[in-house]
$ cat protein_27.cif   # mmCIF, C-alpha atoms
data_run
loop_
_atom_site.label_atom_id
_atom_site.label_comp_id
_atom_site.auth_asym_id
_atom_site.auth_seq_id
_atom_site.Cartn_x
_atom_site.Cartn_y
_atom_site.Cartn_z
CA MET A 13 -16.19 -59.37 -11.87
CA ALA A 14 -15.02 -55.98 -10.75
CA THR A 15 -11.73 -57.50 -9.60
CA GLU A 16 -11.26 -59.02 -13.00
CA THR A 17 -11.85 -55.69 -14.70
CA THR A 18 -9.41 -53.88 -12.41
CA GLU A 19 -6.65 -56.37 -12.99
CA GLY A 20 -7.44 -56.67 -16.69
CA GLU A 21 -7.43 -52.92 -17.26
CA ALA A 22 -4.09 -52.49 -15.53
CA ALA A 23 -2.53 -54.67 -18.14
CA VAL A 24 -4.56 -53.55 -21.13
CA GLY A 25 -5.16 -49.82 -21.12
CA LEU A 26 -5.07 -46.64 -19.14
CA PRO A 27 -6.36 -46.98 -15.58
CA GLN A 28 -8.04 -43.63 -16.22
CA LEU A 29 -10.41 -45.30 -18.65
CA ASP A 30 -11.33 -48.15 -16.31
CA PHE A 31 -14.96 -47.23 -15.87
CA SER A 32 -15.47 -49.71 -13.05
CA THR A 33 -13.60 -47.40 -10.70
CA PHE A 34 -15.55 -44.29 -11.70
CA PRO A 35 -18.37 -44.55 -9.16
CA ASN A 36 -15.80 -44.93 -6.41
CA GLN A 37 -13.76 -41.93 -7.52
CA ILE A 38 -16.79 -39.76 -8.09
CA PHE A 39 -18.29 -40.68 -4.73
CA TRP A 40 -15.16 -39.86 -2.78
CA LEU A 41 -14.49 -36.74 -4.83
CA VAL A 42 -17.95 -35.37 -4.07
CA ILE A 43 -17.40 -36.05 -0.37
CA THR A 44 -14.01 -34.33 -0.56
CA LEU A 45 -15.39 -31.28 -2.32
CA ILE A 46 -18.23 -30.95 0.17
CA ALA A 47 -15.76 -31.29 3.04
CA ILE A 48 -13.42 -28.64 1.63
CA TYR A 49 -16.36 -26.36 0.84
CA LEU A 50 -17.71 -26.63 4.38
CA ILE A 51 -14.27 -26.07 5.94
CA LEU A 52 -13.65 -23.04 3.75
CA ASP A 53 -17.11 -21.53 3.97
CA ARG A 54 -17.66 -22.06 7.70
CA VAL A 55 -14.18 -21.60 9.15
CA ALA A 56 -11.31 -20.57 6.91
CA LEU A 57 -12.71 -17.86 4.64
CA PRO A 58 -14.61 -15.88 7.32
CA ARG A 59 -11.53 -16.00 9.50
CA ILE A 60 -9.16 -14.80 6.79
CA ALA A 61 -11.65 -12.13 5.71
CA ALA A 62 -11.88 -10.93 9.32
CA VAL A 63 -8.09 -10.84 9.66
CA LEU A 64 -7.70 -8.90 6.41
CA ALA A 65 -10.45 -6.47 7.37
CA GLU A 66 -8.89 -5.96 10.78
CA ARG A 67 -5.51 -5.34 9.22
CA SER A 68 -6.79 -2.80 6.75
CA GLY A 69 -8.72 -1.16 9.60
CA THR A 70 -5.59 -0.97 11.71
CA ILE A 71 -3.61 0.48 8.82
CA THR A 72 -6.31 3.07 8.14
CA ASN A 73 -6.42 4.03 11.81
CA ASP A 74 -2.66 4.31 12.01
CA LEU A 75 -2.58 6.49 8.92
CA ALA A 76 -5.31 8.71 10.35
CA ALA A 77 -3.40 9.00 13.64
CA ALA A 78 -0.23 9.89 11.76
CA GLU A 79 -2.12 12.52 9.78
CA ASP A 80 -3.50 13.91 13.04
CA LEU A 81 -0.06 14.10 14.62
CA LYS A 82 1.29 15.80 11.54
CA LEU A 83 -1.44 18.44 11.73
CA LYS A 84 -0.68 18.98 15.42
CA ALA A 85 3.02 19.38 14.65
CA GLU A 86 2.18 21.91 11.97
CA GLU A 87 -0.03 23.81 14.40
CA ALA A 88 2.73 23.84 16.99
CA GLU A 89 5.18 25.13 14.40
CA ALA A 90 2.78 27.90 13.40
CA ALA A 91 2.29 28.87 17.05
CA TYR A 92 6.04 28.92 17.57
CA ASN A 93 6.56 31.10 14.49
CA LYS A 94 3.85 33.46 15.67
CA ALA A 95 5.42 33.73 19.12
CA LEU A 96 8.77 34.40 17.50
CA ALA A 97 7.32 37.16 15.30
CA ASP A 98 5.50 38.69 18.30
CA ALA A 99 8.65 38.71 20.35
CA ARG A 100 10.56 40.30 17.53
CA SER A 101 8.05 43.10 17.03
CA GLU A 102 7.89 43.65 20.79
CA ALA A 103 11.64 43.94 20.90
CA GLN A 104 11.57 46.43 18.07
CA LYS A 105 8.91 48.48 19.84
CA ILE A 106 10.89 48.54 23.05
CA ALA A 107 14.04 49.53 21.19
CA ALA A 108 12.19 52.34 19.42
CA GLU A 109 10.74 53.59 22.72
CA ALA A 110 14.11 53.51 24.38
CA ARG A 111 15.60 55.37 21.47
CA ALA A 112 12.87 58.00 21.59
CA GLU A 113 13.33 58.44 25.34
CA VAL A 114 17.05 58.80 25.01
CA GLN A 115 16.53 61.28 22.19
CA ALA A 116 14.09 63.30 24.28
CA GLU A 117 16.45 63.37 27.24
CA LEU A 118 19.28 64.31 24.96
CA ASP A 119 17.23 67.11 23.43
CA LYS A 120 16.33 68.39 26.88
CA ALA A 121 19.91 68.26 28.03
CA MET A 122 21.03 70.05 24.86
CA ALA A 123 18.40 72.74 25.32
CA LYS A 124 19.46 73.20 28.93
CA ALA A 125 23.08 73.34 27.98
CA ASP A 126 22.31 75.83 25.22
CA ALA A 127 20.36 78.00 27.65
CA GLU A 128 23.19 77.86 30.15
CA ILE A 129 25.71 78.70 27.51
CA ALA A 130 23.56 81.60 26.37
CA ALA A 131 23.21 82.84 29.97
CA ARG A 132 26.92 82.58 30.60
CA ALA A 133 27.67 84.39 27.36
CA ALA A 134 25.26 87.18 28.27
CA GLU A 135 26.81 87.48 31.71
CA SER A 136 30.26 87.57 30.26
CA GLU A 137 29.22 90.19 27.74
CA SER A 138 27.73 92.37 30.47
CA LYS A 139 30.89 91.94 32.51
CA ILE A 140 33.01 92.87 29.52
CA ALA A 141 30.80 95.88 28.86
CA GLU A 142 31.14 96.87 32.51
CA ILE A 143 34.88 96.43 32.34
CA ARG A 144 34.97 98.49 29.14
CA ASP A 145 32.86 101.18 30.72
CA GLY A 146 35.04 101.02 33.81
CA ALA A 147 38.08 101.39 31.62
CA ALA A 148 36.67 104.50 29.91
CA ASP A 149 35.90 106.08 33.29
CA ALA A 150 39.36 105.17 34.53
CA VAL A 151 40.87 106.82 31.46
CA VAL A 152 38.87 109.97 32.22
CA ASP A 153 39.95 109.87 35.88
CA VAL A 154 43.58 109.29 34.95
CA ALA A 155 43.38 112.07 32.37
CA LYS A 156 41.92 114.45 34.94
CA GLU A 157 44.58 113.52 37.49
CA ALA A 158 47.28 113.82 34.90
CA ALA A 159 45.91 117.15 33.73
CA ALA A 160 45.74 118.48 37.31
CA ALA A 161 49.29 117.27 37.98
CA VAL A 162 50.56 118.90 34.76
CA VAL A 163 48.80 122.16 35.59
CA SER A 164 50.17 122.25 39.15
CA ALA A 165 53.63 121.34 37.92
CA LEU A 166 53.53 124.28 35.56
CA GLY A 167 52.78 126.45 38.58
CA GLY A 168 49.24 127.05 37.91
CA LYS A 169 46.34 126.61 40.09
CA ALA A 170 44.32 123.69 38.94
CA ASP A 171 40.75 124.58 38.51
CA ALA A 172 38.85 121.31 38.92
CA GLY A 173 35.83 122.41 36.96
CA ALA A 174 37.81 123.58 33.93
CA ILE A 175 39.89 120.39 33.81
CA ASP A 176 36.79 118.20 34.02
CA ALA A 177 35.18 120.04 31.19
CA ALA A 178 38.33 119.92 29.07
CA VAL A 179 38.86 116.17 29.69
CA ALA A 180 35.21 115.40 29.08
CA GLU A 181 35.39 117.26 25.76
CA ARG A 182 38.55 115.43 24.64
CA ALA A 183 37.27 112.07 25.81
CA LYS A 184 34.23 112.47 23.64
CA GLY A 185 36.22 113.31 20.58
CA MET B 18 1.16 -46.82 -15.52
CA ASP B 19 0.83 -48.61 -12.18
CA GLN B 20 0.76 -45.29 -10.41
CA PHE B 21 -2.67 -44.51 -11.81
CA ILE B 22 -4.37 -47.75 -10.76
CA VAL B 23 -7.24 -47.39 -8.35
CA SER B 24 -7.00 -50.15 -5.75
CA PRO B 25 -8.65 -50.82 -2.41
CA LEU B 26 -6.64 -49.63 0.54
CA PHE B 27 -7.55 -52.61 2.70
CA GLY B 28 -7.60 -56.07 1.17
CA ASP B 29 -7.94 -56.98 -2.46
CA GLY B 30 -11.69 -56.98 -2.91
CA PRO B 31 -13.58 -55.37 -5.77
CA VAL B 32 -13.80 -51.57 -6.06
CA HIS B 33 -17.35 -50.70 -5.13
CA TRP B 34 -18.52 -47.12 -5.09
CA TYR B 35 -18.10 -47.02 -1.30
CA THR B 36 -14.78 -48.92 -1.10
CA ILE B 37 -12.00 -47.06 0.67
CA THR B 38 -9.31 -46.88 -1.99
CA ASN B 39 -6.06 -45.04 -2.56
CA VAL B 40 -8.23 -42.37 -4.19
CA THR B 41 -9.99 -41.94 -0.86
CA LEU B 42 -6.67 -41.66 0.94
CA TRP B 43 -5.21 -38.99 -1.33
CA LEU B 44 -8.43 -37.02 -1.51
CA ALA B 45 -8.53 -37.08 2.28
CA LEU B 46 -4.92 -35.90 2.38
CA ALA B 47 -5.93 -32.99 0.15
CA VAL B 48 -8.63 -32.10 2.67
CA VAL B 49 -6.05 -32.34 5.45
CA GLY B 50 -3.65 -30.14 3.48
CA VAL B 51 -6.28 -27.48 2.84
CA THR B 52 -7.27 -27.57 6.50
CA LEU B 53 -3.66 -27.29 7.64
CA LEU B 54 -3.00 -24.29 5.45
CA LEU B 55 -6.24 -22.35 5.73
CA VAL B 56 -7.46 -23.30 9.21
CA VAL B 57 -4.45 -24.30 11.29
CA GLY B 58 -2.22 -21.79 9.51
CA THR B 59 -4.53 -18.91 10.38
CA ARG B 60 -5.34 -19.94 13.95
CA GLY B 61 -3.30 -17.02 15.32
CA ARG B 62 -5.51 -14.46 13.49
CA ALA B 63 -2.52 -12.15 13.78
CA VAL B 64 -2.53 -8.65 12.36
CA VAL B 65 1.11 -9.25 11.56
CA PRO B 66 0.87 -12.72 10.01
CA SER B 67 3.04 -15.76 10.55
CA ARG B 68 4.46 -17.54 7.52
CA GLY B 69 1.59 -20.01 7.28
CA GLN B 70 -0.98 -17.27 7.67
CA SER B 71 0.77 -15.21 4.97
CA VAL B 72 0.46 -18.06 2.50
CA ALA B 73 -3.20 -18.59 3.41
CA GLU B 74 -3.89 -14.89 2.98
CA LEU B 75 -1.98 -14.87 -0.29
CA ALA B 76 -4.14 -17.74 -1.62
CA TYR B 77 -7.28 -16.01 -0.41
CA GLY B 78 -6.31 -12.67 -1.94
CA PHE B 79 -5.19 -14.30 -5.18
CA ILE B 80 -8.50 -16.06 -5.82
CA TYR B 81 -10.62 -13.24 -4.41
CA LYS B 82 -8.99 -10.74 -6.75
CA MET B 83 -9.29 -13.14 -9.68
CA VAL B 84 -13.01 -13.61 -9.09
CA GLU B 85 -13.53 -9.89 -8.64
CA ASP B 86 -11.49 -8.92 -11.71
CA VAL B 87 -12.97 -11.49 -14.05
CA THR B 88 -16.60 -11.76 -12.98
CA GLY B 89 -17.12 -8.41 -11.30
CA LYS B 90 -18.59 -7.60 -7.90
CA ASP B 91 -21.66 -9.81 -8.34
CA GLY B 92 -19.44 -12.82 -8.92
CA LEU B 93 -18.06 -12.59 -5.38
CA ARG B 94 -21.10 -14.55 -4.13
CA TYR B 95 -19.53 -17.59 -5.75
CA PHE B 96 -16.07 -16.95 -4.34
CA PRO B 97 -16.24 -19.81 -1.76
CA TYR B 98 -17.07 -22.33 -4.49
CA ILE B 99 -14.24 -21.16 -6.73
CA MET B 100 -11.85 -21.09 -3.76
CA THR B 101 -12.88 -24.69 -3.01
CA LEU B 102 -12.07 -25.71 -6.58
CA PHE B 103 -8.73 -23.95 -6.58
CA MET B 104 -7.58 -25.22 -3.19
CA PHE B 105 -8.62 -28.78 -4.02
CA ILE B 106 -6.89 -28.83 -7.40
CA VAL B 107 -3.73 -27.16 -6.20
CA PHE B 108 -3.39 -29.54 -3.24
CA ALA B 109 -4.29 -32.63 -5.29
CA ASN B 110 -1.71 -31.61 -7.92
CA PHE B 111 1.07 -30.99 -5.43
CA LEU B 112 0.31 -34.11 -3.39
CA GLY B 113 0.56 -36.01 -6.66
CA LEU B 114 4.16 -34.83 -7.00
CA ILE B 115 5.20 -36.73 -3.87
CA PRO B 116 6.95 -39.90 -5.02
CA MET B 117 4.84 -43.05 -4.67
CA SER B 118 1.72 -40.94 -4.27
CA PHE B 119 -1.53 -41.18 -6.19
CA THR B 120 -2.52 -38.20 -8.33
CA THR B 121 -6.27 -37.84 -8.08
CA THR B 122 -6.43 -35.00 -10.59
CA SER B 123 -4.79 -37.15 -13.25
CA HIS B 124 -8.02 -39.14 -13.46
CA ILE B 125 -10.56 -38.09 -15.99
CA ALA B 126 -13.31 -39.28 -13.64
CA VAL B 127 -12.25 -36.66 -11.10
CA THR B 128 -11.65 -33.78 -13.50
CA ALA B 129 -14.80 -34.56 -15.47
CA VAL B 130 -16.85 -34.21 -12.29
CA LEU B 131 -15.17 -30.86 -11.70
CA GLY B 132 -15.52 -29.74 -15.32
CA PHE B 133 -19.12 -30.82 -15.78
CA GLY B 134 -19.97 -29.56 -12.32
CA VAL B 135 -18.75 -26.11 -13.34
CA PHE B 136 -20.54 -26.42 -16.69
CA PHE B 137 -23.92 -27.30 -15.19
CA ALA B 138 -23.60 -24.79 -12.36
CA VAL B 139 -22.70 -22.01 -14.76
CA THR B 140 -25.48 -22.90 -17.21
CA ILE B 141 -28.07 -23.02 -14.44
CA ILE B 142 -26.84 -19.73 -12.99
CA GLY B 143 -26.98 -18.22 -16.46
CA PHE B 144 -30.61 -19.20 -17.04
CA VAL B 145 -31.70 -18.33 -13.49
CA LYS B 146 -30.08 -14.89 -13.60
CA ASN B 147 -30.91 -13.93 -17.17
CA GLY B 148 -33.77 -16.24 -18.22
CA ALA B 149 -33.90 -16.61 -21.98
CA GLY B 150 -31.59 -13.61 -22.20
CA PHE B 151 -28.78 -16.03 -21.45
CA LEU B 152 -29.11 -17.27 -25.03
CA SER B 153 -27.84 -13.91 -26.27
CA LEU B 154 -24.43 -15.31 -25.33
CA PHE B 155 -24.66 -17.22 -28.61
CA TRP B 156 -26.02 -14.34 -30.67
CA VAL B 157 -23.01 -12.14 -31.39
CA SER B 158 -24.64 -8.74 -31.89
CA ALA B 159 -21.30 -7.17 -32.77
CA ALA B 160 -21.02 -9.27 -35.95
CA PRO B 161 -22.76 -8.46 -39.26
CA LEU B 162 -26.28 -9.91 -39.40
CA PRO B 163 -25.66 -12.59 -42.08
CA LEU B 164 -22.76 -13.97 -40.06
CA ARG B 165 -24.68 -14.27 -36.81
CA PRO B 166 -26.38 -17.64 -37.39
CA VAL B 167 -23.05 -19.16 -38.37
CA LEU B 168 -21.38 -17.67 -35.32
CA ALA B 169 -24.26 -18.88 -33.16
CA VAL B 170 -23.63 -22.45 -34.25
CA ILE B 171 -19.90 -22.09 -33.59
CA GLU B 172 -20.53 -20.47 -30.21
CA LEU B 173 -22.98 -23.22 -29.29
CA ILE B 174 -20.49 -25.95 -30.16
CA SER B 175 -17.72 -24.19 -28.30
CA TYR B 176 -20.00 -23.81 -25.31
CA PHE B 177 -20.68 -27.54 -25.14
CA VAL B 178 -17.04 -28.41 -25.68
CA ARG B 179 -16.06 -26.30 -22.69
CA PRO B 180 -16.53 -28.95 -19.96
CA VAL B 181 -14.70 -31.53 -22.03
CA SER B 182 -11.69 -29.33 -22.70
CA HIS B 183 -11.88 -28.01 -19.16
CA SER B 184 -11.56 -31.47 -17.61
CA ILE B 185 -9.28 -33.11 -20.17
CA ARG B 186 -6.84 -30.20 -19.98
CA LEU B 187 -6.29 -30.78 -16.28
CA ALA B 188 -6.19 -34.57 -16.31
CA GLY B 189 -4.12 -34.64 -19.50
CA ASN B 190 -1.48 -32.28 -18.20
CA LEU B 191 -1.10 -34.12 -14.94
CA MET B 192 -1.10 -37.56 -16.51
CA ALA B 193 1.31 -36.60 -19.27
CA GLY B 194 3.77 -35.11 -16.81
CA HIS B 195 3.73 -38.19 -14.62
CA ALA B 196 3.98 -40.48 -17.62
CA VAL B 197 6.99 -38.57 -18.98
CA ILE B 198 8.74 -38.82 -15.63
CA LYS B 199 7.97 -42.54 -15.62
CA VAL B 200 9.40 -42.96 -19.11
CA PHE B 201 12.62 -41.16 -18.21
CA ALA B 202 12.85 -43.13 -14.99
CA GLY B 203 12.60 -46.30 -17.08
CA PHE B 204 15.76 -45.28 -18.96
CA ALA B 205 17.65 -45.04 -15.65
CA ALA B 206 17.93 -48.83 -15.68
CA ILE B 207 20.33 -48.56 -18.62
CA ALA B 208 23.70 -47.65 -17.09
CA ALA B 209 24.92 -45.49 -20.00
CA LEU B 210 21.77 -43.42 -20.02
CA SER B 211 21.13 -43.16 -16.31
CA PRO B 212 22.87 -39.75 -15.71
CA ILE B 213 20.89 -38.18 -18.54
CA SER B 214 17.76 -39.88 -17.31
CA ILE B 215 18.20 -38.58 -13.77
CA LEU B 216 18.84 -35.05 -15.06
CA ALA B 217 15.76 -35.28 -17.24
CA VAL B 218 13.60 -36.57 -14.41
CA THR B 219 14.78 -33.68 -12.24
CA ALA B 220 14.07 -31.15 -14.98
CA ILE B 221 10.64 -32.58 -15.76
CA TYR B 222 9.87 -32.63 -12.05
CA GLY B 223 10.61 -28.91 -11.89
CA LEU B 224 8.37 -28.38 -14.87
CA GLU B 225 5.67 -30.43 -13.21
CA VAL B 226 5.80 -28.24 -10.10
CA LEU B 227 5.10 -25.31 -12.40
CA VAL B 228 2.39 -27.22 -14.27
CA SER B 229 0.70 -28.23 -11.01
CA PHE B 230 0.16 -24.62 -10.07
CA ILE B 231 -0.54 -23.34 -13.55
CA GLN B 232 -3.18 -25.97 -14.26
CA ALA B 233 -4.95 -25.17 -11.01
CA TYR B 234 -4.77 -21.50 -11.94
CA VAL B 235 -6.02 -22.13 -15.49
CA PHE B 236 -8.89 -24.28 -14.28
CA THR B 237 -9.91 -21.61 -11.77
CA ILE B 238 -9.65 -18.65 -14.11
CA LEU B 239 -11.61 -20.47 -16.82
CA THR B 240 -14.29 -21.19 -14.25
CA CYS B 241 -14.35 -17.46 -13.53
CA VAL B 242 -14.62 -16.69 -17.24
CA TYR B 243 -17.53 -19.10 -17.65
CA LEU B 244 -19.17 -17.61 -14.60
CA LYS B 245 -18.77 -14.15 -16.09
CA ASP B 246 -20.51 -15.36 -19.26
CA ALA B 247 -23.34 -16.66 -17.12
CA LEU B 248 -23.70 -13.43 -15.17
CA HIS B 249 -23.20 -11.05 -18.09
CA PRO B 250 -24.04 -12.96 -21.30
CA HIS B 251 -24.29 -9.83 -23.44
CA HIS B 252 -21.15 -9.25 -25.45
#

$ encode --input "protein_27.cif" --output "C-alpha cells"
Amino acid sequence: MATETTEGEAAVGLPQLDFSTFPNQIFWLVITLIAIYLILDRVALPRIAAVLAERSGTITNDLAAAEDLKLKAEEAEAAYNKALADARSEAQKIAAEARAEVQAELDKAMAKADAEIAARAAESESKIAEIRDGAADAVVDVAKEAAAAVVSALGGKADAGAIDAAVAERAKG
Amino acid sequence: MDQFIVSPLFGDGPVHWYTITNVTLWLALAVVGVTLLLVVGTRGRAVVPSRGQSVAELAYGFIYKMVEDVTGKDGLRYFPYIMTLFMFIVFANFLGLIPMSFTTTSHIAVTAVLGFGVFFAVTIIGFVKNGAGFLSLFWVSAAPLPLRPVLAVIELISYFVRPVSHSIRLAGNLMAGHAVIKVFAGFAAIAALSPISILAVTAIYGLEVLVSFIQAYVFTILTCVYLKDALHPHH
C-alpha cells in the first residue's frame, strides 16, 4: 500500500505532500539533529571556544608584554637623558672651576708683576734722585775748582774757605 | 519533480519509518559535512588557524554573536541548539545544490519539524522562565488601552502562525529554486532556447547559492528573535 502511494504521488502531486514518507523523514531528521547536537556540544563547540579563548589570551599577553617593553624603553630613555644632563652640568662646573683658577692665577701674577714694576720704578726713581744729587754736588765741585783756577790765574791766592762759601751761596740761589 | 521523491536506498520496498532512504543518506552526509568542518577542521587547535579552522571559527563566531546580540547574555545557554540548527540547515541547503542530490530542507516534513520544534521549545522556555508573565507578550502595554485587546488577538494569531511561516519559508525557498532550475533545464532540450536556458540555469544556480545561506541565516535569526521573546516577553 505504501509502495502504491509513493508511486502514485510521484505522478500526481508534490512529493513534499506525500504523507506516507513523513514518519521516515521525521525519524531520520530527529536522529540527524541529535547527532549534530551531540557532536557540536561534546566536541566541536568546546574545542573552538577553547581555541578562541587561548587566542584572545595570547593576544592580551602579547599586548601586555609590548606595553611592558615600551615602559622599559621609556625608562631607559629617561635615564639616558638624566645622565646626559648630569654630564653637561658637571662639564659646566669643571669649566667654571678651571676658569676661576686661571683667573686667580692671573690675578696673582698681575699683582706680582705690578709689585715688581712698582719696586723697579721706586729703585729707578731713587737712582735718578741720587744721580741728580750727584750732579748738583759735581756742579758745586766743578764750580769750586773753576773758581780756584780763575783766582790763581788772576794771580791771587785762592782761599779755599772763601771760595766754598761763595760757591755754596751761588749754588743755592 | 523527481528530485524530491523519497525512495528507499536499497531495494524497492515500501517506505517505513525506519527504512533507509535517500533522505537518510543526505541527512547523514550533512552530519558528515558538519563533522568535517567543525571537528576535523579544528583538530589542529592552532592559535594561528588553518583555512578549515578559520571557517569553523567564523561560523562559531557568527552564530555566537547573533545569539548574544539578539537574545542577550542569558540566551547564550541555548547557543549549542541554535548552532545545531544553523549548521544543519546550511549544510543541507548546500548539499542540495550538488547536481543529482536530494535536498532534505526542501521537504515540508523536515522544515516543519524544525519550525514546530523551535515553536514548542520557545513556548515552553517562555512559560518556564516567566510563568504567566509570558502572556504579557500579547498585551502591548505601549498601545492605548482600548486598542490592546485587538492587538492581543493579532499578536496571538501571529504567534501561532510563526512555526508555519518559519518552516514554509525555508522549504518553499529551497523547493522553488530547485523547481525553477528544473524548468529552465527542461527548455535546454529545445535547440533554439538552449543557450538562454543554460545561462538562466547558471544564473539561478548562483542565486540559489545565495538563497541557501540566506535562508539558513533567516531561520536562525528568527529562532533567536523568538527565543528573545520567550526570555524577555515584556515589550

$ interface_residues --input "protein_27.cif" --of "chain A" --to "chain B" --cutoff "9 Å" --atoms "only C-alpha atoms" --output "ChimeraX atom specification"
/A:13-16,18,21-22,25-42,44-49,51-53,55-57,59-64,66-67,70

$ resolve_selection --input "protein_27.cif" --expression "the PyMOL selection byres ((chain B and resi 244-246) around 12)" --output "MDAnalysis selection string"
chainID B and resid 83:96 98:99 135:144 146:147 150:155 176 237:243 247:252

$ atom_distance --input "protein_27.cif" --atom1 "CA of Ile171 (chain B)" --atom2 "CA of Gly189 (chain B)"
24.6 Å

$ atom_distance --input "protein_27.cif" --atom1 "CA of Arg111 (chain A)" --atom2 "CA of Lys94 (chain A)"
25.5 Å

$ atom_distance --input "protein_27.cif" --atom1 "CA of Thr122 (chain B)" --atom2 "CA of Arg68 (chain B)"
27.4 Å

$ axis_aligned_box --input "protein_27.cif" --around "region 224-227 of chain B" --padding-each-side "6 Å" --output "AutoDock Vina command-line options"
--center_x 6.7 --center_y -27.9 --center_z -12.5 --size_x 15.3 --size_y 17.1 --size_z 16.8

$ resolve_selection --input "protein_27.cif" --expression "the PyMOL selection byres ((chain B and resi 218-231) around 8)" --output "PDB file with C-alpha atoms, in the frame of the given file"
ATOM      1  CA  VAL B 107      -3.730 -27.160  -6.200  1.00  0.00           C
ATOM      2  CA  ASN B 110      -1.710 -31.610  -7.920  1.00  0.00           C
ATOM      3  CA  PHE B 111       1.070 -30.990  -5.430  1.00  0.00           C
ATOM      4  CA  LEU B 114       4.160 -34.830  -7.000  1.00  0.00           C
ATOM      5  CA  ASN B 190      -1.480 -32.280 -18.200  1.00  0.00           C
ATOM      6  CA  LEU B 191      -1.100 -34.120 -14.940  1.00  0.00           C
ATOM      7  CA  GLY B 194       3.770 -35.110 -16.810  1.00  0.00           C
ATOM      8  CA  VAL B 197       6.990 -38.570 -18.980  1.00  0.00           C
ATOM      9  CA  ILE B 198       8.740 -38.820 -15.630  1.00  0.00           C
ATOM     10  CA  PHE B 201      12.620 -41.160 -18.210  1.00  0.00           C
ATOM     11  CA  ALA B 202      12.850 -43.130 -14.990  1.00  0.00           C
ATOM     12  CA  SER B 214      17.760 -39.880 -17.310  1.00  0.00           C
ATOM     13  CA  ILE B 215      18.200 -38.580 -13.770  1.00  0.00           C
ATOM     14  CA  LEU B 216      18.840 -35.050 -15.060  1.00  0.00           C
ATOM     15  CA  ALA B 217      15.760 -35.280 -17.240  1.00  0.00           C
ATOM     16  CA  GLN B 232      -3.180 -25.970 -14.260  1.00  0.00           C
ATOM     17  CA  ALA B 233      -4.950 -25.170 -11.010  1.00  0.00           C
ATOM     18  CA  TYR B 234      -4.770 -21.500 -11.940  1.00  0.00           C
ATOM     19  CA  VAL B 235      -6.020 -22.130 -15.490  1.00  0.00           C
TER      20      VAL B 235
END

$ decode --input "protein_27.cif" --residues "region 161-174 of chain B" --atoms "N, CA and C atoms" --output "CSV table (one decimal), in the first residue's frame"
chain,number,residue,atom,x,y,z
B,161,PRO,N,-2.5,52.3,23.3
B,161,PRO,CA,-3.6,52.8,24.1
B,161,PRO,C,-4.5,51.7,24.6
B,162,LEU,N,-5.1,51.8,25.8
B,162,LEU,CA,-5.8,50.8,26.4
B,162,LEU,C,-6.9,50.2,25.5
B,163,PRO,N,-7.7,51.0,24.8
B,163,PRO,CA,-8.8,50.4,24.0
B,163,PRO,C,-8.3,49.5,22.9
B,164,LEU,N,-7.1,49.8,22.4
B,164,LEU,CA,-6.5,49.0,21.3
B,164,LEU,C,-6.0,47.7,21.7
B,165,ARG,N,-5.6,47.6,23.0
B,165,ARG,CA,-4.9,46.4,23.5
B,165,ARG,C,-5.5,45.1,23.2
B,166,PRO,N,-6.8,44.9,23.5
B,166,PRO,CA,-7.5,43.6,23.2
B,166,PRO,C,-7.4,43.2,21.7
B,167,VAL,N,-7.6,44.2,20.9
B,167,VAL,CA,-7.4,44.0,19.4
B,167,VAL,C,-6.0,43.5,19.1
B,168,LEU,N,-5.1,44.3,19.6
B,168,LEU,CA,-3.7,43.9,19.4
B,168,LEU,C,-3.4,42.5,19.9
B,169,ALA,N,-4.0,42.2,21.1
B,169,ALA,CA,-3.7,40.9,21.7
B,169,ALA,C,-4.1,39.8,20.8
B,170,VAL,N,-5.3,40.0,20.1
B,170,VAL,CA,-5.8,38.9,19.2
B,170,VAL,C,-4.8,38.8,18.0
B,171,ILE,N,-4.4,40.0,17.5
B,171,ILE,CA,-3.5,39.9,16.4
B,171,ILE,C,-2.2,39.3,16.7
B,172,GLU,N,-1.6,39.7,17.9
B,172,GLU,CA,-0.4,39.1,18.4
B,172,GLU,C,-0.5,37.6,18.6
B,173,LEU,N,-1.6,37.2,19.1
B,173,LEU,CA,-1.8,35.8,19.3
B,173,LEU,C,-1.8,35.0,18.0
B,174,ILE,N,-2.6,35.5,17.0
B,174,ILE,CA,-2.6,34.9,15.7
B,174,ILE,C,-1.2,34.8,15.1
